[in-house]
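Asker: Encoded as structure tokens, here's the structure I'll be asking about.
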There are 2 protein chains.
Amino acid sequence: MAAQKTPSFDPLTLEVVDLIGTVVARYHEEYEEAAAEHALTGAQARLLSLLSLEPLPMRRLAQKLKCEPSNVTGIVDRLEARGLAERRPDPSDRRVKLAAVTEEGRAVARSLRLSLRFAREPLAGLSREERMSLRGLLSRMLDAS
Amino acid sequence: MAAQKTPSFDPLTLEVVDLIGTVVARYHEEYEEAAAEHALTGAQARLLSLLSLEPLPMRRLAQKLKCEPSNVTGIVDRLEARGLAERRPDPSDRRVKLAAVTEEGRAVARSLRLSLRFAREPLAGLSREERMSLRGLLSRMLDAS
DNA sequence: TATTGTTATACTCTATAACTATA
DNA sequence: TATAGTTATAGAGTATAACAATA
């Protein structure tokens with residue numbers, strides 16, 4: 001609520017916006033690369049990562065991935081065909097199918113997560129104090145929007 | 001070169017990594033939304049934005065978009081069909097086709113750019129000093145990787 | 001011979017609409 | 001009747017391989 005005087009177009013703000021754009025591009029490249037190393041598409045990697053936390057109804061997956069439920073069918077189909085995921089019935093509602101990772105899927109998800117963390121090593125260049133500072137700034141930035 | 005002792009897995013770093021992930025997700029949502037408002041896909045919006053700076057050979061576009069040249073053909077086709085872009089011969093090399101924005105394409109690119117800047121207003125929540133600090137941290141992060 | 005852009009092909013992701021089986 | 005998941009369909013992005021025109 002402090003300095004809010006149309007700061008969108010001043011040079012400093014534009015510079016920061018550009019930097020964020022670069023971070024976003026870099027992040028995505030690395031994510032796609034990491035996924036490709038496991039012969040996964042971006043969408044498959046994202047879905048697998050979600051499932052590695054907990055089994056989810058197809059509908060919930062669509063919400064999390066911000067896509068239509070009909071798309072989730074295909075993505076889970078492909079993961080299932082590779083033995084990385086499976087569908088289970090939901091005892092409490094027979095309409096629902098729970099998607100879940102298999103043992104192998106969990107291993108791939110873990111490997112994916114590790115290679116991502118490694119890829120994001122750039123943070124290593126910042127000291128502990130700087131990372132704390134960055135955490136604060138990003139938090140406030142996200143809260144404000 | 002300061003604090004570099006396997007900082008990838010400590011809680012603070014993971015927290016920052018998560019925040020960056022959230023920023024990336026937010027950024028992409030807003031980019032896609034802004035593109036959709038102009039009835040453009042993300043790829044079309046990115047290509048149009050590139051062309052609004054200067055005409056480029058198809059090959060260069062593929063490099064900039066990090067995709068195969070054959071894909072650029074289709075994307076430019078669709079922009080051309082809507083009158084937003086056009087192909088011109090390159091006087092110095094008759095193999096080359098230069099893609100360029102039309103007058104209308106330039107206007108759409110400008111409108112797209114403005115709606116994006118507006119969408120990224122979250123920076124408004126940060127004071128001038130904080131934005132300078134953020135600029136420094138992001139720069140160092142990107143340089144380090 | 002090498003390079004530029006294109007075409008042809010196949011796969012994935014995407015949204016929409018219609019369908020089924022449950023609730 | 002409403003909801004969960006699926007199927008069918010069509011459009012767009014993607015990579016690969018083969019091709020024509022030009023260098």
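We name chains A, B, ... following the order of the structure tokens; residues begin at 1 in each chain, and ligands are numbered from 1 as shown.
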Can you pull out the residues contacting Thr13 in chain A? Cut-off 10 Å, using only C-alpha atoms (C1' of nucleotides), and skip same-chain residues under 6 positions away; I want them as a PyMOL selection string.

Answerer: (chain A and resi 7+19) or (chain B and resi 117+120-121+123-124+126+128+131-132+135)

Asker: Find the residues near range 1-18 of chain C: any atom within 9 Å, counting only C-alpha atoms (C1' of nucleotides), skip ones fewer than 3 places away on the same chain, and give them as a VMD selection string.

Answerer: (chain A and resid 41 43 67 to 68 70 to 71 75) or (chain B and resid 58 to 59 69 to 70 73 94 to 97) or (chain D and resid 7 to 9 11 to 14 16 to 23)

Asker: Report as a list in words: the residues of chain A with a DSSP assignment of strand (DSSP E or B), based on the backbone of this structure.

Answerer: Leu56, Pro57, Ala85, Glu86, Arg87, Arg88, Pro89, Lys97, Leu98, Ala99, Ala100 and Val101 of chain A

Asker: As a VMD selection string, could you give me every residue of chain D near chain A (at most 9 Å apart, counting only C-alpha atoms (C1' of nucleotides))?

Answerer: chain D and resid 3 to 7

Asker: Can you pull out every residue from chain B that DSSP, working from the backbone, puts in alpha helix (DSSP H), and format the result as number ranges by chain?

Answerer: B: 11-37, 42-53, 58-65, 69-81, 103-119, 128-144

Asker: Using only C-alpha atoms, select each residue of chain B with any atom at most 10 Å away from an atom of chain A, and give the selection as JSON, numbers by chain.

Answerer: {"B": [1, 2, 3, 4, 5, 6, 7, 8, 9, 12, 13, 14, 15, 16, 17, 18, 19, 20, 21, 22, 23, 24, 25, 26, 27, 28, 29, 66, 114, 117, 118, 119, 120, 121, 122, 123, 124, 125, 126, 127, 128, 130, 131, 132, 133, 134, 135, 136, 137, 138, 139, 140, 141, 142, 143, 144, 145]}

Asker: Between CA of Leu98 in chain A and C1' of DT20 in chain C, what is the distance in Å, rounded to a tenth?

Answerer: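 Pair CA of Leu98 in chain A / C1' of DT20 in chain C returns 17.8 Å.
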